$ cat target18.cif   # mmCIF, C-alpha atoms
data_target
loop_
_atom_site.label_atom_id
_atom_site.label_comp_id
_atom_site.auth_asym_id
_atom_site.auth_seq_id
_atom_site.Cartn_x
_atom_site.Cartn_y
_atom_site.Cartn_z
CA MET A 30 19.35 3.96 -5.76
CA ARG A 31 16.34 4.31 -8.04
CA LYS A 32 16.96 0.85 -9.53
CA TRP A 33 17.06 -0.69 -6.03
CA ASN A 34 13.88 1.16 -5.16
CA ALA A 35 12.21 -0.26 -8.28
CA ILE A 36 13.26 -3.79 -7.30
CA LEU A 37 11.99 -3.12 -3.80
CA SER A 38 8.71 -1.82 -5.27
CA ALA A 39 8.25 -5.03 -7.27
CA ALA A 40 8.89 -7.15 -4.16
CA ILE A 41 6.47 -5.01 -2.14
CA LEU A 42 3.82 -5.38 -4.84
CA ILE A 43 4.17 -9.18 -4.88
CA LEU A 44 3.99 -9.45 -1.08
CA PHE A 45 1.12 -6.95 -0.98
CA VAL A 46 -0.94 -8.96 -3.47
CA ALA A 47 -0.35 -12.17 -1.49
CA HIS A 48 -1.18 -10.41 1.80
CA GLY A 49 -4.25 -8.72 0.34
CA VAL A 50 -5.69 -11.83 -1.30
CA ILE A 51 -5.10 -14.15 1.67
CA GLY A 52 -6.23 -11.45 4.10
CA GLY A 53 -9.30 -10.74 1.98
CA PHE A 54 -10.38 -14.37 2.03
CA GLN A 55 -9.76 -14.46 5.76
CA LEU A 56 -11.83 -11.29 6.32
CA ALA A 57 -14.68 -12.85 4.35
CA GLY A 58 -14.47 -15.98 6.49
CA LEU A 59 -13.40 -18.13 3.53
CA TYR A 60 -9.88 -18.92 4.81
CA PRO A 61 -9.94 -19.16 8.59
CA GLY A 62 -6.46 -20.70 8.98
CA GLY A 63 -4.33 -18.06 7.27
CA SER A 64 -3.14 -16.12 10.34
CA ARG A 65 0.38 -17.59 10.43
CA ILE A 66 0.98 -16.92 6.73
CA LEU A 67 -0.49 -13.41 7.03
CA LYS A 68 1.83 -12.58 9.94
CA MET A 69 4.89 -13.69 7.96
CA LEU A 70 3.78 -11.74 4.90
CA ALA A 71 2.92 -8.68 7.00
CA ARG A 72 6.31 -8.62 8.72
CA ALA A 73 8.22 -8.96 5.46
CA LEU A 74 5.97 -6.40 3.81
CA ALA A 75 6.34 -3.90 6.66
CA THR A 76 10.12 -4.23 6.57
CA LEU A 77 10.28 -3.60 2.83
CA ILE A 78 7.83 -0.70 3.10
CA VAL A 79 9.99 0.99 5.75
CA ILE A 80 13.07 0.64 3.53
CA HIS A 81 11.08 1.88 0.52
CA GLY A 82 9.83 4.83 2.58
CA ILE A 83 13.35 5.77 3.67
CA ILE A 84 14.56 5.69 0.09
CA GLY A 85 11.52 7.72 -1.00
CA ILE A 86 12.22 10.33 1.68
CA LYS A 87 15.86 10.58 0.60
CA LEU A 88 14.92 10.97 -3.06
CA THR A 89 12.31 13.61 -2.15
CA VAL A 90 14.82 15.55 -0.04
CA ASP A 91 17.32 15.40 -2.91
CA THR A 92 14.67 16.74 -5.30
CA LEU A 93 13.73 19.57 -2.92
CA ARG A 94 17.41 20.51 -2.53
CA ILE A 95 17.82 20.67 -6.30
CA GLN A 96 14.68 22.79 -6.60
CA LYS A 97 15.89 25.14 -3.89
CA LYS A 98 19.29 25.43 -5.55
CA ALA A 99 17.66 26.16 -8.91
CA GLY A 100 15.30 28.66 -7.32
CA VAL A 101 12.18 27.22 -8.97
CA SER A 102 9.91 24.34 -8.02
CA TYR A 103 7.49 23.94 -10.96
CA PHE A 104 4.81 22.59 -8.61
CA LYS A 105 2.09 22.56 -11.28
CA GLU A 106 4.31 20.66 -13.70
CA ASN A 107 5.22 18.11 -11.02
CA LYS A 108 1.73 17.20 -9.81
CA LEU A 109 2.29 13.51 -10.54
CA PHE A 110 5.54 13.58 -8.51
CA TRP A 111 3.66 15.07 -5.55
CA ALA A 112 0.74 12.64 -5.96
CA ARG A 113 3.26 9.81 -5.64
CA ARG A 114 4.87 11.33 -2.54
CA ILE A 115 1.60 12.27 -0.82
CA SER A 116 -0.03 8.90 -1.52
CA GLY A 117 3.08 7.13 -0.24
CA PHE A 118 3.04 9.18 2.95
CA ALA A 119 -0.68 8.49 3.40
CA ILE A 120 -0.08 4.76 2.97
CA PHE A 121 2.72 4.88 5.52
CA ILE A 122 0.43 6.52 8.11
CA LEU A 123 -2.61 4.35 7.33
CA ILE A 124 -0.59 1.14 7.59
CA PHE A 125 -0.03 1.90 11.27
CA PHE A 126 -3.81 2.06 11.79
CA HIS A 127 -4.20 -1.17 9.83
CA MET A 128 -1.55 -2.94 11.90
CA ALA A 129 -2.93 -1.63 15.19
CA LEU A 130 -6.42 -2.80 14.29
CA PHE A 131 -5.52 -6.32 13.22
CA ILE A 132 -3.02 -7.09 15.95
CA GLY A 133 -5.30 -8.79 18.40
CA HIS A 134 -4.76 -9.10 22.12
CA GLU A 135 -4.97 -12.30 24.07
CA ALA A 136 -7.43 -12.69 26.92
CA ASP A 137 -8.04 -16.01 28.66
CA GLY A 138 -6.12 -17.85 25.94
CA VAL A 139 -8.33 -16.43 23.17
CA VAL A 140 -7.18 -13.83 20.65
CA ARG A 141 -9.58 -10.88 20.63
CA LEU A 142 -9.68 -8.53 17.68
CA ASN A 143 -10.28 -4.82 17.94
CA PRO A 144 -13.71 -3.53 16.87
CA PHE A 145 -14.19 -2.98 13.13
CA GLU A 146 -16.84 -0.31 12.89
CA MET A 147 -17.58 2.49 10.40
CA PRO A 148 -14.48 4.64 11.23
CA GLN A 149 -12.21 1.62 10.76
CA LEU A 150 -13.94 0.72 7.50
CA ILE A 151 -13.53 4.26 6.19
CA LEU A 152 -9.82 4.32 7.13
CA HIS A 153 -9.27 1.01 5.35
CA LEU A 154 -11.09 2.14 2.22
CA ILE A 155 -8.93 5.29 2.23
CA LEU A 156 -5.88 3.01 2.57
CA VAL A 157 -7.01 1.04 -0.49
CA LEU A 158 -7.54 4.29 -2.45
CA ALA A 159 -4.11 5.62 -1.42
CA ILE A 160 -2.53 2.35 -2.56
CA ALA A 161 -4.43 2.60 -5.86
CA VAL A 162 -3.14 6.13 -6.49
CA HIS A 163 0.40 5.13 -5.51
CA VAL A 164 0.53 1.95 -7.61
CA ILE A 165 -1.13 3.44 -10.68
CA SER A 166 0.92 6.65 -10.63
CA ASN A 167 4.15 4.67 -10.22
CA ALA A 168 3.46 1.95 -12.81
CA ARG A 169 5.21 3.79 -15.63
CA PRO A 170 8.43 4.73 -13.77
CA VAL A 171 8.81 1.21 -12.36
CA LEU A 172 8.37 -0.36 -15.80
CA ILE A 173 10.88 2.09 -17.27
CA SER A 174 13.40 1.30 -14.55
CA PHE A 175 13.16 -2.39 -15.48
CA GLY A 176 13.85 -1.51 -19.11
CA ILE A 177 10.40 -2.44 -20.38
CA ARG A 178 9.99 -0.56 -23.62
CA SER A 179 6.40 -1.33 -24.53
CA LEU A 180 4.93 0.77 -21.75
CA LYS A 181 1.38 1.01 -23.06
CA GLN A 182 0.76 -2.73 -23.00
CA PHE A 183 2.42 -3.45 -19.66
CA ALA A 184 1.23 -0.29 -17.91
CA ALA A 185 -2.37 -0.93 -18.96
CA ASP A 186 -2.14 -4.57 -17.82
CA LEU A 187 -0.59 -3.56 -14.49
CA ILE A 188 -3.24 -0.91 -13.91
CA ILE A 189 -6.14 -3.24 -14.77
CA ILE A 190 -4.81 -6.08 -12.60
CA SER A 191 -4.09 -3.65 -9.75
CA ALA A 192 -7.56 -2.15 -10.01
CA ILE A 193 -9.22 -5.58 -9.87
CA LEU A 194 -7.13 -6.62 -6.86
CA LEU A 195 -7.74 -3.35 -5.03
CA VAL A 196 -11.50 -3.51 -5.65
CA PHE A 197 -11.41 -7.08 -4.30
CA MET A 198 -9.54 -5.94 -1.18
CA GLY A 199 -11.87 -3.01 -0.62
CA ALA A 200 -14.87 -5.32 -1.02
CA MET A 201 -13.40 -7.73 1.54
CA PHE A 202 -13.12 -4.89 4.08
CA VAL A 203 -16.79 -4.07 3.44
CA ILE A 204 -17.76 -7.73 3.87
CA TYR A 205 -15.74 -7.90 7.09
CA TYR A 206 -17.51 -4.78 8.34
CA PHE A 207 -20.92 -6.35 7.74
CA ARG A 208 -19.76 -9.61 9.34
CA TRP A 209 -18.50 -7.63 12.33
CA ILE A 210 -21.71 -5.64 12.92
CA ALA A 211 -23.85 -8.74 12.39
CA VAL A 212 -22.29 -10.44 15.43
#
$ encode --input "target18.cif" --output "structure tokens"
Amino acid sequence: MRKWNAILSAAILILFVAHGVIGGFQLAGLYPGGSRILKMLARALATLIVIHGIIGIKLTVDTLRIQKKAGVSYFKENKLFWARRISGFAIFILIFFHMALFIGHEADGVVRLNPFEMPQLILHLILVLAIAVHVISNARPVLISFGIRSLKQFAADLIIISAILLVFMGAMFVIYYFRWIAV
């Protein structure tokens, strides 16, 4: 199951990057025609995230059962494990806010978006941070599950590329916020 989850994680990462880059350009007003592509990416991404979440919950429950059976939890020694689980749960919750915000409603044949004010900006920046924690803390296990032996080189590359992309996405939310309040 862990191997399937790693494959799923790689697919999610690819779709997320495409969604984030296209969505970022759209938020900045640089790609006004990307709505159809974004919807397709978002649906596929949401489906994979739900499956990934279910697998993550099952693996967490299995771990908790083993800890209960052993009678010890070693919470301090498993901080990274819990950072992965908590950041994943936070992402899962924040994605619902993200989806609710960007699913517009139609009025008089025109799609109207929901307001994007300071609370929405803060929630989206927290989403970006939660994704950063989740991706960076899971880089090593995913690479190991794919049999990549030279972890230092690939993990560092993955972390740097992820950081650049996440900073870009966060910046696009900030730009969108300023575009929104300027109207």
$ atom_distance --input "target18.cif" --atom1 "CA of Lys108 in chain A" --atom2 "CA of Leu74 in chain A"
27.6 Å
$ resolve_selection --input "target18.cif" --expression "the PyMOL selection byres ((chain A and resi 127) around 12)" --output "list in words"
Gly52, Ala71, Ala75, Ile120, Phe121, Ile122, Leu123, Ile124, Phe125, Phe126, Met128, Ala129, Leu130, Phe131, Ile132, Gly133, Asn143, Phe145, Pro148, Gln149, Leu150, Ile151, Leu152, His153, Leu154, Ile155, Leu156, Val157 and Phe202 of chain A
$ closest_residue --input "target18.cif" --among "A:Val171, A:Val101, A:Ile189, A:Leu93" --to "Leu42 in chain A" --atoms "only C-alpha atoms"
A:Val171
$ resolve_selection --input "target18.cif" --expression "the PyMOL selection byres ((chain A and resi 209) around 12)" --output "PyMOL selection string"
chain A and resi 56-58+142-147+149-150+201-208+210-212
$ resolve_selection --input "target18.cif" --expression "the PyMOL selection byres ((chain A and resi 196) around 12)" --output "JSON, numbers by chain"
{"A": [49, 50, 53, 154, 156, 157, 158, 160, 161, 188, 189, 190, 191, 192, 193, 194, 195, 197, 198, 199, 200, 201, 202, 203]}
$ closest_atom_pairs --input "target18.cif" --of "range 94-201 of chain A" --to "range 83-90 of chain A" --cutoff "9 Å" --atoms "all atoms listed in the file" --output "Markdown table"
| residue | atom | partner | partner_atom | distance |
| --- | --- | --- | --- | --- |
| A:Arg94 | CA | A:Val90 | CA | 6.1 |
| A:Ile95 | CA | A:Val90 | CA | 8.6 |
| A:Arg114 | CA | A:Gly85 | CA | 7.7 |
| A:Gly117 | CA | A:Gly85 | CA | 8.5 |
$ atom_distance --input "target18.cif" --atom1 "CA of Gln55 in chain A" --atom2 "CA of Arg141 in chain A"
15.3 Å
$ atom_distance --input "target18.cif" --atom1 "CA of Val79 in chain A" --atom2 "CA of Arg178 in chain A"
29.4 Å
$ residues_around --input "target18.cif" --residues "Lys181 in chain A" --least-positions-apart "5" --cutoff "10 Å" --atoms "all atoms listed in the file" --output "list in words"
Arg169, Asp186 and Leu187 of chain A
$ closest_atom_pairs --input "target18.cif" --of "range 142-181 of chain A" --to "range 31-38 of chain A" --cutoff "9 Å" --atoms "all atoms listed in the file" --output "JSON lines"
{"residue": "A:Pro170", "atom": "CA", "partner": "A:Ala35", "partner_atom": "CA", "distance": 8.3}
{"residue": "A:Val171", "atom": "CA", "partner": "A:Ala35", "partner_atom": "CA", "distance": 5.5}
{"residue": "A:Leu172", "atom": "CA", "partner": "A:Ala35", "partner_atom": "CA", "distance": 8.4}
{"residue": "A:Ser174", "atom": "CA", "partner": "A:Lys32", "partner_atom": "CA", "distance": 6.2}
{"residue": "A:Phe175", "atom": "CA", "partner": "A:Ala35", "partner_atom": "CA", "distance": 7.6}
$ write_last_selection --input "target18.cif" --atoms "C-alpha atoms" --output "CSV table (one decimal), keeping the file's coordinate frame"
chain,number,residue,atom,x,y,z
A,170,PRO,CA,8.4,4.7,-13.8
A,171,VAL,CA,8.8,1.2,-12.4
A,172,LEU,CA,8.4,-0.4,-15.8
A,174,SER,CA,13.4,1.3,-14.6
A,175,PHE,CA,13.2,-2.4,-15.5
$ closest_residue --input "target18.cif" --among "A:Val162, A:Ile173, A:Met69, A:Ile43" --to "Leu109 in chain A" --atoms "only C-alpha atoms"
A:Val162
